[in-house]
$ cat my_file_22.cif   # mmCIF, C-alpha atoms (C1' of nucleotides)
data_my_file
#
loop_
_atom_site.group_PDB
_atom_site.id
_atom_site.type_symbol
_atom_site.label_atom_id
_atom_site.label_comp_id
_atom_site.auth_asym_id
_atom_site.auth_seq_id
_atom_site.Cartn_x
_atom_site.Cartn_y
_atom_site.Cartn_z
ATOM 1 C CA MET L 28 1.852 1.245 -4.034
ATOM 2 C CA PRO L 29 3.626 0.657 -1.113
ATOM 3 C CA GLU L 30 3.422 -1.908 1.533
ATOM 4 C CA LEU L 31 5.444 -2.168 4.693
ATOM 5 C CA PRO L 32 8.950 -2.725 3.206
ATOM 6 C CA GLU L 33 8.569 0.245 0.869
ATOM 7 C CA VAL L 34 7.234 2.549 3.579
ATOM 8 C CA GLU L 35 9.951 1.470 6.014
ATOM 9 C CA THR L 36 12.657 2.022 3.378
ATOM 10 C CA LEU L 37 11.279 5.504 2.908
ATOM 11 C CA ARG L 38 11.100 6.129 6.647
ATOM 12 C CA ARG L 39 14.754 5.253 7.159
ATOM 13 C CA ASP L 40 15.859 7.595 4.401
ATOM 14 C CA LEU L 41 13.550 10.348 5.621
ATOM 15 C CA ASP L 42 15.070 9.960 9.067
ATOM 16 C CA ARG L 43 18.523 10.659 7.663
ATOM 17 C CA GLU L 44 17.692 13.171 4.973
ATOM 18 C CA VAL L 45 14.771 15.233 6.205
ATOM 19 C CA VAL L 46 14.404 14.949 9.978
ATOM 20 C CA GLY L 47 15.944 17.941 11.724
ATOM 21 C CA ARG L 48 15.089 20.307 8.916
ATOM 22 C CA LYS L 49 12.998 23.401 9.370
ATOM 23 C CA ILE L 50 10.123 24.085 7.016
ATOM 24 C CA LYS L 51 10.327 27.399 5.215
ATOM 25 C CA THR L 52 7.364 27.210 2.856
ATOM 26 C CA VAL L 53 4.640 24.755 1.869
ATOM 27 C CA GLU L 54 2.816 24.762 -1.458
ATOM 28 C CA VAL L 55 -0.317 22.743 -2.103
ATOM 29 C CA SER L 56 -2.008 22.254 -5.454
ATOM 30 C CA GLY L 57 -5.343 20.588 -6.091
ATOM 31 C CA ASN L 58 -7.874 19.546 -3.485
ATOM 32 C CA ARG L 59 -7.335 15.839 -3.061
ATOM 33 C CA ALA L 60 -4.039 15.460 -1.258
ATOM 34 C CA ILE L 61 -5.121 17.548 1.743
ATOM 35 C CA ARG L 62 -8.629 16.382 2.548
ATOM 36 C CA ARG L 63 -9.001 16.487 6.293
ATOM 37 C CA HIS L 64 -8.397 20.178 6.720
ATOM 38 C CA ARG L 65 -11.009 22.880 6.463
ATOM 39 C CA ASN L 66 -8.779 24.515 3.895
ATOM 40 C CA LYS L 67 -5.250 24.267 2.576
ATOM 41 C CA ARG L 68 -4.129 27.385 4.428
ATOM 42 C CA GLN L 69 -4.698 25.698 7.743
ATOM 43 C CA PHE L 70 -2.457 22.794 6.701
ATOM 44 C CA ILE L 71 0.199 25.154 5.388
ATOM 45 C CA SER L 72 0.271 27.504 8.381
ATOM 46 C CA ARG L 73 0.686 24.671 10.851
ATOM 47 C CA LEU L 74 3.771 23.473 9.039
ATOM 48 C CA GLU L 75 5.578 26.656 8.039
ATOM 49 C CA GLY L 76 8.285 27.703 10.474
ATOM 50 C CA GLN L 77 8.230 24.336 12.259
ATOM 51 C CA LYS L 78 10.911 21.693 12.453
ATOM 52 C CA LEU L 79 10.463 18.025 11.573
ATOM 53 C CA THR L 80 11.834 16.310 14.661
ATOM 54 C CA THR L 81 11.154 12.586 14.154
ATOM 55 C CA VAL L 82 9.567 10.223 11.673
ATOM 56 C CA ARG L 83 7.895 6.995 12.710
ATOM 57 C CA ARG L 84 5.961 4.348 10.862
ATOM 58 C CA ARG L 85 2.747 2.660 11.897
ATOM 59 C CA GLY L 86 1.748 0.030 9.362
ATOM 60 C CA LYS L 87 1.737 1.877 6.052
ATOM 61 C CA TYR L 88 1.414 5.311 7.676
ATOM 62 C CA LEU L 89 4.301 7.713 8.149
ATOM 63 C CA VAL L 90 4.003 10.052 11.134
ATOM 64 C CA PHE L 91 6.343 13.027 11.539
ATOM 65 C CA GLU L 92 6.593 15.077 14.704
ATOM 66 C CA VAL L 93 6.310 18.722 13.740
ATOM 67 C CA GLY L 94 7.560 21.168 16.349
ATOM 68 C CA ASP L 95 6.289 20.370 19.836
ATOM 69 C CA GLU L 96 2.594 20.043 19.293
ATOM 70 C CA ASP L 97 1.708 18.622 15.909
ATOM 71 C CA LEU L 98 2.024 15.461 13.878
ATOM 72 C CA LEU L 99 2.211 15.281 10.100
ATOM 73 C CA VAL L 100 0.599 12.081 8.864
ATOM 74 C CA VAL L 101 1.269 10.705 5.378
ATOM 75 C CA HIS L 102 -0.385 7.766 3.677
ATOM 76 C CA LEU L 103 0.818 6.980 0.159
ATOM 77 C CA GLY L 104 -2.231 5.072 -1.041
ATOM 78 C CA MET L 105 -1.610 3.221 -4.299
ATOM 79 C CA SER L 106 0.674 5.595 -6.162
ATOM 80 C CA GLY L 107 2.038 8.140 -3.685
ATOM 81 C CA GLN L 108 5.724 9.071 -3.603
ATOM 82 C CA LEU L 109 7.773 11.263 -1.304
ATOM 83 C CA LEU L 110 10.755 12.642 -3.161
ATOM 84 C CA LYS L 111 13.660 14.738 -1.932
ATOM 85 C CA LEU L 112 14.676 17.109 -4.660
ATOM 86 C CA GLY L 113 16.551 20.341 -5.157
ATOM 87 C CA THR L 114 14.565 23.560 -5.299
ATOM 88 C CA LYS L 115 15.332 24.100 -8.952
ATOM 89 C CA GLU L 116 14.538 20.634 -10.223
ATOM 90 C CA PRO L 117 11.565 20.554 -12.576
ATOM 91 C CA LYS L 118 8.146 19.826 -11.152
ATOM 92 C CA ILE L 119 6.965 16.451 -12.289
ATOM 93 C CA PRO L 120 3.263 15.872 -13.063
ATOM 94 C CA HIS L 121 0.917 15.115 -10.160
ATOM 95 C CA THR L 122 3.004 16.964 -7.600
ATOM 96 C CA HIS L 123 0.465 17.962 -4.956
ATOM 97 C CA VAL L 124 2.569 19.194 -2.034
ATOM 98 C CA VAL L 125 6.001 20.833 -1.998
ATOM 99 C CA ILE L 126 7.720 21.438 1.327
ATOM 100 C CA THR L 127 10.778 23.684 1.083
ATOM 101 C CA PHE L 128 13.333 23.651 3.902
ATOM 102 C CA THR L 129 15.260 26.648 5.199
ATOM 103 C CA GLN L 130 18.480 24.646 4.792
ATOM 104 C CA GLY L 131 17.610 24.137 1.135
ATOM 105 C CA GLY L 132 16.056 21.193 -0.640
ATOM 106 C CA GLN L 133 12.454 20.107 -0.907
ATOM 107 C CA LEU L 134 10.259 17.218 0.073
ATOM 108 C CA ARG L 135 7.623 16.660 -2.594
ATOM 109 C CA PHE L 136 4.473 14.571 -2.483
ATOM 110 C CA VAL L 137 3.620 13.154 -5.902
ATOM 111 C CA ASP L 138 0.547 10.984 -6.381
ATOM 112 C CA PRO L 139 -1.074 10.299 -9.784
ATOM 113 C CA ARG L 140 -4.037 8.293 -8.526
ATOM 114 C CA THR L 141 -4.672 10.576 -5.558
ATOM 115 C CA PHE L 142 -5.581 7.831 -3.113
ATOM 116 C CA GLY L 143 -2.850 9.050 -0.815
ATOM 117 C CA GLU L 144 -3.147 11.943 1.603
ATOM 118 C CA MET L 145 -1.292 14.174 4.053
ATOM 119 C CA PHE L 146 -2.624 16.022 7.062
ATOM 120 C CA VAL L 147 -1.530 17.685 10.281
ATOM 121 C CA THR L 148 -3.120 16.792 13.583
ATOM 122 C CA PRO L 149 -2.346 17.966 17.137
ATOM 123 C CA LYS L 150 -0.644 15.326 19.273
ATOM 124 C CA GLU L 151 -3.327 15.869 21.878
ATOM 125 C CA THR L 152 -6.194 14.831 19.656
ATOM 126 C CA PHE L 153 -4.302 12.376 17.464
ATOM 127 C CA ALA L 154 -6.061 9.312 18.849
ATOM 128 C CA SER L 155 -9.546 10.616 18.164
ATOM 129 C CA ASP L 156 -8.630 12.387 14.925
ATOM 130 C CA VAL L 157 -6.973 9.330 13.390
ATOM 131 C CA PRO L 158 -8.659 6.288 14.920
ATOM 132 C CA GLU L 159 -7.523 4.073 12.040
ATOM 133 C CA ILE L 160 -3.937 4.260 13.273
ATOM 134 C CA GLY L 161 -4.921 3.304 16.796
ATOM 135 C CA GLU L 162 -6.840 0.344 15.436
ATOM 136 C CA LEU L 163 -3.863 -1.096 13.560
ATOM 137 C CA GLY L 164 -2.847 -4.597 14.498
ATOM 138 C CA PHE L 165 0.638 -5.789 15.387
ATOM 139 C CA ASP L 166 3.347 -4.377 13.187
ATOM 140 C CA ALA L 167 4.725 -7.120 11.008
ATOM 141 C CA LEU L 168 8.242 -5.710 11.239
ATOM 142 C CA ASP L 169 8.575 -3.846 14.532
ATOM 143 C CA ASP L 170 6.560 -5.891 16.959
ATOM 144 C CA VAL L 171 8.271 -8.969 18.277
ATOM 145 C CA MET L 172 5.925 -11.843 18.868
ATOM 146 C CA SER L 173 6.359 -15.521 19.597
ATOM 147 C CA TRP L 174 4.821 -17.833 17.050
ATOM 148 C CA THR L 175 2.549 -19.167 19.764
ATOM 149 C CA ASP L 176 1.147 -15.666 20.293
ATOM 150 C CA PHE L 177 0.802 -15.437 16.539
ATOM 151 C CA GLY L 178 -1.220 -18.640 16.656
ATOM 152 C CA GLU L 179 -3.504 -17.018 19.219
ATOM 153 C CA LEU L 180 -4.127 -14.255 16.716
ATOM 154 C CA LEU L 181 -5.376 -16.781 14.173
ATOM 155 C CA ARG L 182 -7.415 -18.852 16.573
ATOM 156 C CA GLY L 183 -11.148 -18.676 16.097
ATOM 157 C CA ARG L 184 -10.895 -16.650 12.905
ATOM 158 C CA LYS L 185 -12.932 -18.272 10.208
ATOM 159 C CA GLY L 186 -11.883 -15.815 7.512
ATOM 160 C CA LYS L 187 -9.604 -16.749 4.659
ATOM 161 C CA LEU L 188 -5.901 -16.598 5.273
ATOM 162 C CA LYS L 189 -5.095 -13.928 2.717
ATOM 163 C CA ALA L 190 -7.891 -11.665 3.925
ATOM 164 C CA LEU L 191 -6.489 -11.988 7.431
ATOM 165 C CA LEU L 192 -2.954 -11.130 6.333
ATOM 166 C CA MET L 193 -4.237 -8.045 4.553
ATOM 167 C CA ASP L 194 -6.518 -6.904 7.379
ATOM 168 C CA GLN L 195 -4.670 -3.891 8.815
ATOM 169 C CA LYS L 196 -6.525 -4.259 12.116
ATOM 170 C CA ILE L 197 -4.945 -7.666 12.631
ATOM 171 C CA ILE L 198 -1.528 -7.339 10.990
ATOM 172 C CA ALA L 199 -0.398 -3.869 9.994
ATOM 173 C CA GLY L 200 1.548 -3.368 6.803
ATOM 174 C CA LEU L 201 0.807 -6.216 4.401
ATOM 175 C CA GLY L 202 -0.837 -5.734 1.019
ATOM 176 C CA ASN L 203 -1.371 -7.786 -2.096
ATOM 177 C CA ILE L 204 2.250 -8.463 -3.074
ATOM 178 C CA TYR L 205 3.669 -9.513 0.265
ATOM 179 C CA SER L 206 0.610 -11.550 1.224
ATOM 180 C CA ASP L 207 1.102 -13.674 -1.882
ATOM 181 C CA GLU L 208 4.847 -13.980 -1.313
ATOM 182 C CA ILE L 209 4.402 -14.926 2.337
ATOM 183 C CA LEU L 210 1.740 -17.525 1.558
ATOM 184 C CA PHE L 211 3.977 -19.112 -1.076
ATOM 185 C CA THR L 212 6.930 -19.274 1.298
ATOM 186 C CA ALA L 213 4.710 -20.775 3.973
ATOM 187 C CA GLY L 214 3.277 -23.287 1.484
ATOM 188 C CA LEU L 215 -0.282 -22.226 2.256
ATOM 189 C CA ARG L 216 -3.205 -21.452 -0.026
ATOM 190 C CA HIS L 217 -4.832 -18.004 0.150
ATOM 191 C CA GLU L 218 -8.306 -19.408 0.641
ATOM 192 C CA ARG L 219 -7.432 -21.581 3.615
ATOM 193 C CA SER L 220 -9.514 -20.775 6.633
ATOM 194 C CA ALA L 221 -7.301 -19.007 9.174
ATOM 195 C CA ASP L 222 -8.330 -21.286 12.016
ATOM 196 C CA SER L 223 -7.602 -24.471 10.069
ATOM 197 C CA LEU L 224 -3.826 -24.266 10.406
ATOM 198 C CA SER L 225 -1.858 -26.930 12.232
ATOM 199 C CA THR L 226 0.743 -25.887 14.780
ATOM 200 C CA GLN L 227 3.440 -26.514 12.242
ATOM 201 C CA GLU L 228 1.649 -24.420 9.615
ATOM 202 C CA VAL L 229 1.256 -21.531 12.053
ATOM 203 C CA ARG L 230 4.970 -21.660 12.698
ATOM 204 C CA ARG L 231 5.755 -21.769 8.984
ATOM 205 C CA LEU L 232 3.476 -18.819 8.311
ATOM 206 C CA TYR L 233 5.032 -16.720 11.035
ATOM 207 C CA ARG L 234 8.543 -17.526 9.871
ATOM 208 C CA ALA L 235 7.584 -16.733 6.245
ATOM 209 C CA LEU L 236 6.108 -13.417 7.375
ATOM 210 C CA SER L 237 9.254 -12.256 9.165
ATOM 211 C CA GLU L 238 11.686 -13.589 6.584
ATOM 212 C CA THR L 239 9.851 -12.191 3.576
ATOM 213 C CA LEU L 240 9.588 -8.696 5.051
ATOM 214 C CA GLN L 241 13.200 -8.633 6.228
ATOM 215 C CA ASP L 242 14.360 -9.774 2.824
ATOM 216 C CA ALA L 243 12.163 -7.229 1.018
ATOM 217 C CA LEU L 244 13.488 -4.479 3.269
ATOM 218 C CA LYS L 245 17.051 -5.534 2.536
ATOM 219 C CA HIS L 246 16.258 -5.100 -1.178
ATOM 220 C CA ARG L 247 14.582 -1.717 -0.569
ATOM 221 C CA GLY L 248 11.098 -2.897 -1.513
ATOM 222 C CA SER L 249 9.404 -3.759 -4.805
ATOM 223 C CA THR L 250 8.990 -1.580 -7.881
ATOM 224 C CA LEU L 251 6.650 -3.170 -10.415
ATOM 225 C CA GLY L 252 6.465 -2.597 -14.150
ATOM 226 C CA ASP L 253 4.469 0.599 -13.790
ATOM 227 C CA GLU L 254 7.330 2.117 -11.765
ATOM 228 C CA GLN L 255 4.935 3.646 -9.245
ATOM 229 C CA TYR L 256 7.073 2.936 -6.221
ATOM 230 C CA ARG L 257 10.175 5.058 -5.969
ATOM 231 C CA ASP L 258 12.260 5.718 -2.906
ATOM 232 C CA LEU L 259 13.095 9.142 -1.481
ATOM 233 C CA PHE L 260 15.742 9.642 -4.154
ATOM 234 C CA GLY L 261 13.529 8.481 -7.017
ATOM 235 C CA GLU L 262 15.239 5.100 -7.246
ATOM 236 C CA PRO L 263 13.321 1.846 -7.717
ATOM 237 C CA GLY L 264 13.498 -1.040 -5.270
ATOM 238 C CA GLU L 265 15.035 -4.379 -6.163
ATOM 239 C CA TYR L 266 12.874 -6.933 -4.434
ATOM 240 C CA GLN L 267 10.690 -7.423 -7.542
ATOM 241 C CA ASN L 268 13.561 -9.529 -8.883
ATOM 242 C CA GLU L 269 13.127 -11.861 -5.924
ATOM 243 C CA HIS L 270 9.361 -12.305 -6.242
ATOM 244 C CA LYS L 271 8.563 -15.996 -6.221
ATOM 245 C CA VAL L 272 4.926 -15.794 -7.315
ATOM 246 C CA TYR L 273 3.665 -12.216 -7.528
ATOM 247 C CA GLY L 274 3.503 -11.214 -11.194
ATOM 248 C CA GLN L 275 5.012 -14.579 -12.181
ATOM 249 C CA GLU L 276 1.989 -16.116 -13.898
ATOM 250 C CA GLY L 277 3.048 -19.003 -16.144
ATOM 251 C CA GLU L 278 6.646 -18.984 -14.879
ATOM 252 C CA ALA L 279 8.022 -22.158 -13.376
ATOM 253 C CA CYS L 280 7.544 -22.370 -9.626
ATOM 254 C CA ARG L 281 10.939 -22.078 -7.946
ATOM 255 C CA ARG L 282 10.272 -25.102 -5.838
ATOM 256 C CA CYS L 283 8.464 -27.591 -8.099
ATOM 257 C CA ARG L 284 8.721 -26.093 -11.611
ATOM 258 C CA SER L 285 4.986 -26.252 -12.293
ATOM 259 C CA PRO L 286 3.534 -23.015 -13.736
ATOM 260 C CA VAL L 287 2.537 -20.285 -11.282
ATOM 261 C CA LYS L 288 -1.215 -19.657 -11.369
ATOM 262 C CA ARG L 289 -3.105 -16.407 -11.250
ATOM 263 C CA ALA L 290 -6.592 -16.167 -9.850
ATOM 264 C CA LYS L 291 -9.052 -13.349 -9.321
ATOM 265 C CA TRP L 292 -9.832 -13.345 -5.668
ATOM 266 C CA GLN L 293 -11.865 -10.732 -3.820
ATOM 267 C CA GLY L 294 -11.545 -8.437 -6.778
ATOM 268 C CA ARG L 295 -7.764 -8.588 -7.030
ATOM 269 C CA SER L 296 -5.120 -10.820 -8.508
ATOM 270 C CA THR L 297 -3.670 -13.622 -6.451
ATOM 271 C CA PHE L 298 -0.595 -15.542 -7.568
ATOM 272 C CA PHE L 299 0.180 -18.983 -6.197
ATOM 273 C CA CYS L 300 1.519 -22.443 -6.907
ATOM 274 C CA GLU L 301 -1.134 -25.133 -6.995
ATOM 275 C CA GLN L 302 1.369 -27.846 -6.097
ATOM 276 C CA CYS L 303 3.318 -26.194 -3.313
ATOM 277 C CA GLN L 304 0.534 -24.314 -1.564
ATOM 278 C CA VAL L 305 -2.080 -26.436 0.175
ATOM 279 C "C1'" DA X 14 -21.325 -8.842 12.381
ATOM 280 C "C1'" DC X 15 -19.120 -10.669 8.436
ATOM 281 C "C1'" DG X 16 -17.435 -11.150 3.795
ATOM 282 C "C1'" DC X 17 -17.483 -9.375 -0.521
ATOM 283 C "C1'" DC X 18 -17.815 -5.722 -4.152
ATOM 284 C "C1'" DC X 19 -17.497 -1.204 -5.566
ATOM 285 C "C1'" DG X 20 -15.909 3.360 -6.048
ATOM 286 C "C1'" DC X 21 -12.430 6.570 -5.510
ATOM 287 C "C1'" DC X 22 -8.523 8.333 -9.554
ATOM 288 C "C1'" DT X 23 -5.092 8.307 -13.464
ATOM 289 C "C1'" DG X 24 -2.078 5.904 -16.535
ATOM 290 C "C1'" DT X 25 -0.804 2.109 -19.200
ATOM 291 C "C1'" DA X 26 -1.359 -2.008 -21.791
ATOM 292 C "C1'" DA X 27 -3.964 -5.384 -23.896
ATOM 293 C "C1'" DG X 28 -7.850 -6.547 -26.746
ATOM 294 C "C1'" DC X 29 -10.929 -5.919 -30.579
ATOM 295 C "C1'" DT A 27 -4.406 2.856 -36.190
ATOM 296 C "C1'" DG A 28 -7.749 3.944 -32.730
ATOM 297 C "C1'" DC A 29 -11.345 3.126 -29.549
ATOM 298 C "C1'" DT A 30 -12.714 0.405 -25.466
ATOM 299 C "C1'" DT A 31 -11.791 -2.378 -21.561
ATOM 300 C "C1'" DA A 32 -9.185 -4.206 -17.867
ATOM 301 C "C1'" DC A 33 -6.129 -3.639 -14.402
ATOM 302 C "C1'" DA A 34 -2.714 -1.606 -10.917
ATOM 303 C "C1'" DG A 35 1.290 -1.870 -4.133
ATOM 304 C "C1'" DG A 36 -5.033 0.768 -0.620
ATOM 305 C "C1'" DC A 37 -8.974 1.536 1.844
ATOM 306 C "C1'" DG A 38 -13.656 2.682 3.521
ATOM 307 C "C1'" DG A 39 -18.511 2.279 2.852
ATOM 308 C "C1'" DG A 40 -22.435 -0.163 1.758
ATOM 309 C "C1'" DC A 41 -24.697 -4.144 0.457
ATOM 310 C "C1'" DG A 42 -26.603 -8.891 1.143
#

$ encode --input "my_file_22.cif" --output "structure tokens"
Amino acid sequence: MPELPEVETLRRDLDREVVGRKIKTVEVSGNRAIRRHRNKRQFISRLEGQKLTTVRRRGKYLVFEVGDEDLLVVHLGMSGQLLKLGTKEPKIPHTHVVITFTQGGQLRFVDPRTFGEMFVTPKETFASDVPEIGELGFDALDDVMSWTDFGELLRGRKGKLKALLMDQKIIAGLGNIYSDEILFTAGLRHERSADSLSTQEVRRLYRALSETLQDALKHRGSTLGDEQYRDLFGEPGEYQNEHKVYGQEGEACRRCRSPVKRAKWQGRSTFFCEQCQV
DNA sequence: ACGCCCGCCTGTAAGC
DNA sequence: TGCTTACAGGCGGGCG
């Protein structure tokens, strides 16, 4: 599912709704959601009785502080949801983890495709336990960067532009939707070589990156036709209505009215305008 | 060392 | 109508 705007929307609501609560009980079903622990009990016992004190985001990862010593890491994969629900509300299919708070209410992890995961790791060994978070590139929303520094990031990279945007080690948080939207706004083709951009194009790309993400965040992210992304309250986002190219195959380009194209690129769909993106 | 493709899963929709 | 195939917001591993 979720890319940076969706995860950040969730983080902000979690900060208000869940942070500060004390965990009473944790239930885990199935074996896929909790993969990095020797067994489920270990995961459960490190959470029960502890308080969630903060929630941060790194790229598409959510990281809660749990008590003084531990971190709870959540990655939603393609179809993961975190939902805040009342204790008595019916369990929806594919609910893998249910955290019940002493103050009442539950945080539930629902994930049909099971690419997402949750785990607890001590703060002390976080860096070695979760190297992928340490290796994340600059955060497309949180990290302030001049466009000249951004240009430095692109320099000498022969890879294709879209691959670079989606490489979490270079820019953290972008996936298939926002890469396409950003490239359209910047007027650049996905298969352009990253180091072929003029100064002006670098500036356009950086501006498109910031603007697109800010705008998507303002609209609480994108919920596509399959409804997989839902916020903490189960509500869809609204940014899908603003998509300029993603999922718009055959529709008139907003800028030049020629039909939006869809291509298979690196195994996934890419949407773009042949006229406006060069 | 890199770029690309596949598999991991389940659900849905399109195609035959 | 019903079976089969393709495809979906991510990511890591393995291949050439």

$ atom_distance --input "my_file_22.cif" --atom1 "CA of Pro158 (chain L)" --atom2 "CA of Leu89 (chain L)"
14.7 Å

$ residues_near_point --input "my_file_22.cif" --point "(-0.8, -4.0, -11.1)" --cutoff "9 Å" --atoms "all atoms listed in the file" --output "MDAnalysis selection string"
(chainID L and resid 251:253 274 296) or (chainID A and resid 33:35)

$ interface_residues --input "my_file_22.cif" --of "chain L" --to "chain X" --cutoff "8 Å" --atoms "all atoms listed in the file" --output "number ranges by chain"
L: 139-142, 253, 293-294

$ closest_atom_pairs --input "my_file_22.cif" --of "chain L" --to "chain A" --cutoff "9 Å" --atoms "all atoms listed in the file" --output "CSV"
residue,atom,partner,partner_atom,distance
L:Met28,CA,A:DG35,C1',3.2
L:Pro29,CA,A:DG35,C1',4.6
L:Glu30,CA,A:DG35,C1',6.1
L:Leu103,CA,A:DG36,C1',8.6
L:Gly104,CA,A:DG36,C1',5.2
L:Met105,CA,A:DG36,C1',5.6
L:Ser106,CA,A:DG35,C1',7.8
L:Phe142,CA,A:DG36,C1',7.5
L:Gly143,CA,A:DG36,C1',8.6
L:Gly202,CA,A:DG35,C1',6.8
L:Asn203,CA,A:DG35,C1',6.8
L:Ile204,CA,A:DG35,C1',6.7
L:Ser249,CA,A:DG35,C1',8.4
L:Thr250,CA,A:DG35,C1',8.6
L:Leu251,CA,A:DG35,C1',8.4
L:Asp253,CA,A:DA34,C1',8.0
L:Gln255,CA,A:DG35,C1',8.4
L:Tyr256,CA,A:DG35,C1',7.8

$ resolve_selection --input "my_file_22.cif" --expression "the PyMOL selection byres ((chain L and resi 275) around 12)" --output "tab-separated table (two decimals) with C-alpha atoms, in the frame of the given file"
chain	number	residue	atom	x	y	z
L	204	ILE	CA	2.25	-8.46	-3.07
L	207	ASP	CA	1.10	-13.67	-1.88
L	208	GLU	CA	4.85	-13.98	-1.31
L	251	LEU	CA	6.65	-3.17	-10.42
L	267	GLN	CA	10.69	-7.42	-7.54
L	268	ASN	CA	13.56	-9.53	-8.88
L	269	GLU	CA	13.13	-11.86	-5.92
L	270	HIS	CA	9.36	-12.30	-6.24
L	271	LYS	CA	8.56	-16.00	-6.22
L	272	VAL	CA	4.93	-15.79	-7.32
L	273	TYR	CA	3.66	-12.22	-7.53
L	274	GLY	CA	3.50	-11.21	-11.19
L	276	GLU	CA	1.99	-16.12	-13.90
L	277	GLY	CA	3.05	-19.00	-16.14
L	278	GLU	CA	6.65	-18.98	-14.88
L	279	ALA	CA	8.02	-22.16	-13.38
L	280	CYS	CA	7.54	-22.37	-9.63
L	281	ARG	CA	10.94	-22.08	-7.95
L	285	SER	CA	4.99	-26.25	-12.29
L	286	PRO	CA	3.53	-23.02	-13.74
L	287	VAL	CA	2.54	-20.28	-11.28
L	288	LYS	CA	-1.22	-19.66	-11.37
L	289	ARG	CA	-3.10	-16.41	-11.25
L	290	ALA	CA	-6.59	-16.17	-9.85
L	296	SER	CA	-5.12	-10.82	-8.51
L	297	THR	CA	-3.67	-13.62	-6.45
L	298	PHE	CA	-0.60	-15.54	-7.57
L	299	PHE	CA	0.18	-18.98	-6.20
L	300	CYS	CA	1.52	-22.44	-6.91

$ atom_distance --input "my_file_22.cif" --atom1 "CA of Arg216 (chain L)" --atom2 "CA of Tyr266 (chain L)"
22.1 Å

$ atom_distance --input "my_file_22.cif" --atom1 "CA of Glu162 (chain L)" --atom2 "CA of Asn66 (chain L)"
26.9 Å

$ closest_residue --input "my_file_22.cif" --among "L:Glu144, L:Glu218, L:Glu33, L:Glu238" --to "His64 (chain L)" --atoms "all atoms listed in the file"
L:Glu144

$ resolve_selection --input "my_file_22.cif" --expression "the PyMOL selection byres ((chain L and resi 201) around 10)" --output "PyMOL selection string"
(chain L and resi 29-32+86-87+166-167+189+191-195+198-200+202-207+209+236+240) or (chain A and resi 35)

$ residues_near_point --input "my_file_22.cif" --point "(10.1, 12.5, -0.8)" --cutoff "9 Å" --atoms "all atoms listed in the file" --output "list of chain:residue names"
L:Leu37, L:Leu41, L:Val45, L:Gln108, L:Leu109, L:Leu110, L:Lys111, L:Leu112, L:Gln133, L:Leu134, L:Arg135, L:Phe136, L:Val137, L:Asp258, L:Leu259, L:Phe260, L:Gly261
